[in-house]
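Engineer: Below: one structure in structure tokens.
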Amino acid sequence: FLDHETARIDALIEEQQRLIELLKEKRQAVISHAVTKGLDPTVPMKDSGVEWLGEVPAHWKVSKLGHYAQILTGFPFPSASFSHDESDVRLLRGANIGVGSLKWIDTVYWELNEGDELSSYLMTEGQIVLGMDRPWISEGMRIARVTQDDMPCLLLQRVAAITPNAGINDEYLYCLLASELFKAYVEPDLTGVSVPHISPEQILSFQIPVPHIDEQRKISRFIKDQLDQMSALFQQASESVELLQERRSALISAAVTGKID
């Protein structure tokens with residue numbers, strides 16, 4: 001009985017997990033296609049001159065990220081002085097940067113005094129932050145935006161805060177850095193054996209496709225709409241896996257304790 005029932009549940013779990021993997025792949029495909037080909041399939045294309053970028057619309061520019069953004073790297077706060085007082089300011093470490101959001105499971109704090117020079121490392125809402133140690137994991141690029149709930153927080157070393165200038169839309173820049181393009185660019189040059197990492201110079205040298213600012217906004221809105229739909233499906237699939245796993249455990253417990261006729 002258990003073999004039969006658990007096999008059925010395992011098959012359903014496998015289906016949902018396969019859906020989750022397909023959604024991850026589609027997410028990357030949507031981002032990468034939109035930021036390299038645009039939304040109009042009829043526009044003429046040109047060779048970008050960058051191997052991993054391929055062809056881009058003929059009216060787009062291709063330029064280094066450093067021409068469109070600045071980077072602030074975190075301060076080397078000494079670990080011996082970390083605080084665990086929740087009334088102090090959280091330190092934004094690499095460990096806190098997930099794929100698309102910040103995680104505050106493992107949190108340390110810093111006592112920030114008025115007029116402290118370290119206040120220049122306080123993050124602002126909407127700030128793009130990137131973990132420079134092991135930047136790419138199986139789920140994607142470890143990049144996120146600081147939300148109101150994440151504030152206040154101070155930037156620690158080995159984390160980069162990236163600020164776009166007027167020539168590039170912040171959402172479009174975020175999509176570029178979260179894409180497979182950035183992974184294709186950084187992977188061959190990752191340094192470090194045990195903990196691969198990238199430098200601010202490598203980030204600023206990233207060659208990016210740059211459409212007009214209005215087109216950037218349209219692309220960003222399109223990507224957001226697509227990802228919102230996929231996010232709902234992803235959430236449903238994840239919840240299904242969790243419920244099926246709970247049912248599997250409950251079924252086994254009930255069977256071996258004689259609660260099933």
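In the structure tokens, each chain is lettered A, B, ... as it comes, each chain's residues begin at 1, and ligands are numbered from 1 in order of appearance.
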Need the shell around range 166-176 of chain A: protein/DNA/RNA residues with any atom at most 7 Å away, counting only C-alpha atoms. Skip same-chain ones fewer than 3 positions apart. Format as an MDAnalysis selection string?
Structural biologist: chainID A and resid 31 35 68 128 179 182 213 216:217 220
Engineer: Just to be explicit: take each residue in the selection above, keep all heavy atoms, and write the result as a short mmCIF file (atom, residue, chain, number, x, y, z; two decimals), in the first residue's frame.
Structural biologist:
```
data_model
loop_
_atom_site.label_atom_id
_atom_site.label_comp_id
_atom_site.auth_asym_id
_atom_site.auth_seq_id
_atom_site.Cartn_x
_atom_site.Cartn_y
_atom_site.Cartn_z
N ILE A 31 14.30 37.46 -19.81
CA ILE A 31 15.17 38.61 -19.51
C ILE A 31 16.21 38.78 -20.61
O ILE A 31 16.36 39.86 -21.18
CB ILE A 31 15.86 38.44 -18.14
CG1 ILE A 31 14.83 38.43 -17.01
CG2 ILE A 31 16.87 39.56 -17.92
CD1 ILE A 31 15.42 38.08 -15.65
N VAL A 35 16.48 42.08 -23.25
CA VAL A 35 17.55 43.09 -23.12
C VAL A 35 18.58 43.01 -24.24
O VAL A 35 19.48 43.86 -24.31
CB VAL A 35 18.25 43.00 -21.75
CG1 VAL A 35 17.29 43.29 -20.62
CG2 VAL A 35 18.95 41.66 -21.56
N TYR A 68 27.77 54.27 -17.51
CA TYR A 68 26.38 54.52 -17.14
C TYR A 68 26.09 54.33 -15.66
O TYR A 68 24.95 54.50 -15.24
CB TYR A 68 25.46 53.58 -17.94
CG TYR A 68 25.42 53.91 -19.42
CD1 TYR A 68 26.30 53.29 -20.29
CD2 TYR A 68 24.53 54.85 -19.92
CE1 TYR A 68 26.28 53.59 -21.66
CE2 TYR A 68 24.51 55.16 -21.26
CZ TYR A 68 25.39 54.54 -22.13
OH TYR A 68 25.37 54.84 -23.47
N ILE A 128 20.54 49.05 -5.97
CA ILE A 128 20.91 47.73 -6.50
C ILE A 128 22.17 47.26 -5.77
O ILE A 128 23.17 47.98 -5.70
CB ILE A 128 21.19 47.80 -8.01
CG1 ILE A 128 19.95 48.26 -8.77
CG2 ILE A 128 21.67 46.44 -8.53
CD1 ILE A 128 20.20 48.57 -10.24
N SER A 179 20.73 38.92 -15.61
CA SER A 179 20.55 38.06 -16.78
C SER A 179 21.70 37.06 -16.96
O SER A 179 22.78 37.19 -16.37
CB SER A 179 20.44 38.92 -18.04
OG SER A 179 21.70 39.48 -18.37
N PHE A 182 25.18 38.56 -18.04
CA PHE A 182 26.19 38.93 -17.06
C PHE A 182 26.93 37.68 -16.57
O PHE A 182 28.14 37.71 -16.37
CB PHE A 182 25.53 39.66 -15.89
CG PHE A 182 26.51 40.31 -14.94
CD1 PHE A 182 27.52 41.11 -15.41
CD2 PHE A 182 26.41 40.10 -13.57
CE1 PHE A 182 28.43 41.70 -14.54
CE2 PHE A 182 27.29 40.69 -12.69
CZ PHE A 182 28.31 41.49 -13.19
N ILE A 213 16.32 55.62 -23.64
CA ILE A 213 15.79 55.51 -22.28
C ILE A 213 14.31 55.13 -22.28
O ILE A 213 13.86 54.33 -21.43
CB ILE A 213 16.03 56.82 -21.48
CG1 ILE A 213 15.76 56.61 -19.99
CG2 ILE A 213 15.23 57.96 -22.06
CD1 ILE A 213 16.81 55.86 -19.26
N GLN A 216 14.10 51.49 -22.95
CA GLN A 216 14.54 50.78 -21.74
C GLN A 216 13.37 50.60 -20.78
O GLN A 216 13.17 49.53 -20.20
CB GLN A 216 15.66 51.55 -21.04
CG GLN A 216 16.97 51.58 -21.77
CD GLN A 216 18.00 52.43 -21.04
OE1 GLN A 216 18.03 52.48 -19.81
NE2 GLN A 216 18.85 53.12 -21.77
N ARG A 217 12.59 51.66 -20.60
CA ARG A 217 11.44 51.61 -19.67
C ARG A 217 10.40 50.60 -20.16
O ARG A 217 9.84 49.85 -19.37
CB ARG A 217 10.81 53.00 -19.53
CG ARG A 217 11.71 54.02 -18.82
CD ARG A 217 10.94 55.28 -18.47
NE ARG A 217 11.82 56.30 -17.92
CZ ARG A 217 12.28 57.34 -18.60
NH1 ARG A 217 11.93 57.52 -19.88
NH2 ARG A 217 13.08 58.22 -18.04
N SER A 220 11.67 47.12 -19.52
CA SER A 220 11.61 46.82 -18.09
C SER A 220 10.20 46.47 -17.65
O SER A 220 9.99 45.53 -16.89
CB SER A 220 12.12 48.02 -17.27
OG SER A 220 13.44 48.35 -17.61
#
```
Engineer: Any chance you could list, as a ChimeraX atom specification, the residues in range 70-108 of chain A that come up strand (DSSP E) when DSSP is run on the backbone?
Structural biologist: /A:70-73,89-92
Engineer: Can you pull out the residues contacting Val241 in chain A? Cut-off 12 Å, using only C-alpha atoms, and skip same-chain residues under 4 positions away; I want them as a list of chain:residue names.
Structural biologist: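 My list of contacting residues is A:Ile9, A:Asp10, A:Ala11, A:Leu12, A:Ile13, A:Glu14, A:Glu15, A:Gln16, A:Gln17, A:Arg18, A:Leu19, A:Ile20, A:Phe234, A:Gln235, A:Gln236, A:Ala237, A:Gln245, A:Glu246, A:Arg247, A:Arg248.
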Engineer: Can you work out the spacing between CA of Glu139 in chain A and CA of Val99 in chain A in Å, to one decimal?
Structural biologist: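 One can read the CA of Glu139 in chain A to CA of Val99 in chain A distance as 6.7 Å.
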Engineer: As a list of chain:residue names, please: all residues of range 19-158 of chain A that backbone DSSP puts in alpha helix (DSSP H).
Structural biologist: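 Selecting the alpha helix (DSSP H) positions of range 19-158 of chain A gives A:Leu19, A:Ile20, A:Glu21, A:Leu22, A:Leu23, A:Lys24, A:Glu25, A:Lys26, A:Arg27, A:Gln28, A:Ala29, A:Val30, A:Ile31, A:Ser32, A:His33, A:Ala34, A:Val35, A:Thr36, A:Lys37.
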Engineer: Env of range 132-138 of chain A: 6 Å cut, atoms = only C-alpha atoms, seq-sep filter 5 positions within chain, self excluded. Answer as a list in words.
Structural biologist: Arg158, Val159, Val195, Pro196, His197 and Ile198 of chain A
Engineer: Return the single residue from A:Ala250, A:Leu130, A:Trp60, A:Arg145 that is closest to His212 in chain A, with distances computed using only C-alpha atoms.
Structural biologist: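 Looking at the shortest contact to His212 in chain A, the residue is A:Trp60.
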Engineer: A:Val62, A:Leu53, A:Leu102, A:Leu154: which is nearest Asp88 in chain A, counting only C-alpha atoms?
Structural biologist: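 Counting only C-alpha atoms, the residue closest to Asp88 in chain A is A:Leu154.
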Engineer: Nearest to Glu180 in chain A among A:Lys26, A:Lys259, A:Gly140, A:Ser87, with distances taken over only C-alpha atoms: which residue is it?
Structural biologist: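 Smallest separation from Glu180 in chain A among the options: A:Gly140.
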Engineer: Would you pick out the contacts of Ile71 in chain A at 7 Å or less, using only C-alpha atoms, so that residues sharing its chain but fewer than 2 positions from it are not included, and give the list as a ChimeraX atom specification?
Structural biologist: /A:69,73,160-163,200
Engineer: Would you save the residues from that selection as an mmCIF file, in the first residue's frame, using N, CA, C and O atoms?
Structural biologist:
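After the write, again.cif holds the following:
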```
data_model
loop_
_atom_site.group_PDB
_atom_site.id
_atom_site.type_symbol
_atom_site.label_atom_id
_atom_site.label_comp_id
_atom_site.auth_asym_id
_atom_site.auth_seq_id
_atom_site.Cartn_x
_atom_site.Cartn_y
_atom_site.Cartn_z
ATOM 1 N N ALA A 69 27.080 53.953 -14.888
ATOM 2 C CA ALA A 69 26.810 53.685 -13.463
ATOM 3 C C ALA A 69 28.074 53.846 -12.638
ATOM 4 O O ALA A 69 29.198 53.826 -13.161
ATOM 5 N N THR A 73 31.749 50.085 -3.024
ATOM 6 C CA THR A 73 31.961 48.807 -2.340
ATOM 7 C C THR A 73 31.927 49.047 -0.834
ATOM 8 O O THR A 73 32.246 50.128 -0.353
ATOM 9 N N ALA A 160 28.725 45.066 -3.576
ATOM 10 C CA ALA A 160 28.760 46.266 -4.403
ATOM 11 C C ALA A 160 27.381 46.901 -4.488
ATOM 12 O O ALA A 160 26.390 46.203 -4.714
ATOM 13 N N ALA A 161 27.328 48.207 -4.275
ATOM 14 C CA ALA A 161 26.101 48.979 -4.495
ATOM 15 C C ALA A 161 26.274 49.705 -5.823
ATOM 16 O O ALA A 161 27.242 50.449 -6.008
ATOM 17 N N ILE A 162 25.357 49.470 -6.762
ATOM 18 C CA ILE A 162 25.491 49.997 -8.124
ATOM 19 C C ILE A 162 24.434 51.066 -8.354
ATOM 20 O O ILE A 162 23.234 50.805 -8.209
ATOM 21 N N THR A 163 24.879 52.263 -8.714
ATOM 22 C CA THR A 163 23.971 53.393 -8.897
ATOM 23 C C THR A 163 24.011 53.857 -10.348
ATOM 24 O O THR A 163 25.063 54.290 -10.832
ATOM 25 N N PRO A 200 35.129 45.184 -8.651
ATOM 26 C CA PRO A 200 34.359 46.328 -9.168
ATOM 27 C C PRO A 200 34.760 46.673 -10.600
ATOM 28 O O PRO A 200 33.917 47.056 -11.416
#
```
Engineer: Rounded to one decimal in Å, what is the spacing between CA of Ala232 in chain A and CA of Asp214 in chain A?
Structural biologist: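 CA of Asp214 in chain A lies 27.8 Å from CA of Ala232 in chain A.
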Engineer: Any idea what the distance is between CA of Glu201 in chain A and CA of Trp110 in chain A?
Structural biologist: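 Distance reported for this atom pair: 28.1 Å.
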Engineer: Compile the contact shell of Leu155 in chain A as a PyMOL selection string: residues with an atom at most 10 Å away, counting only C-alpha atoms, same-chain residues fewer than 5 positions apart removed.
Structural biologist: chain A and resi 72-77+90-94+118-123+129+160-161
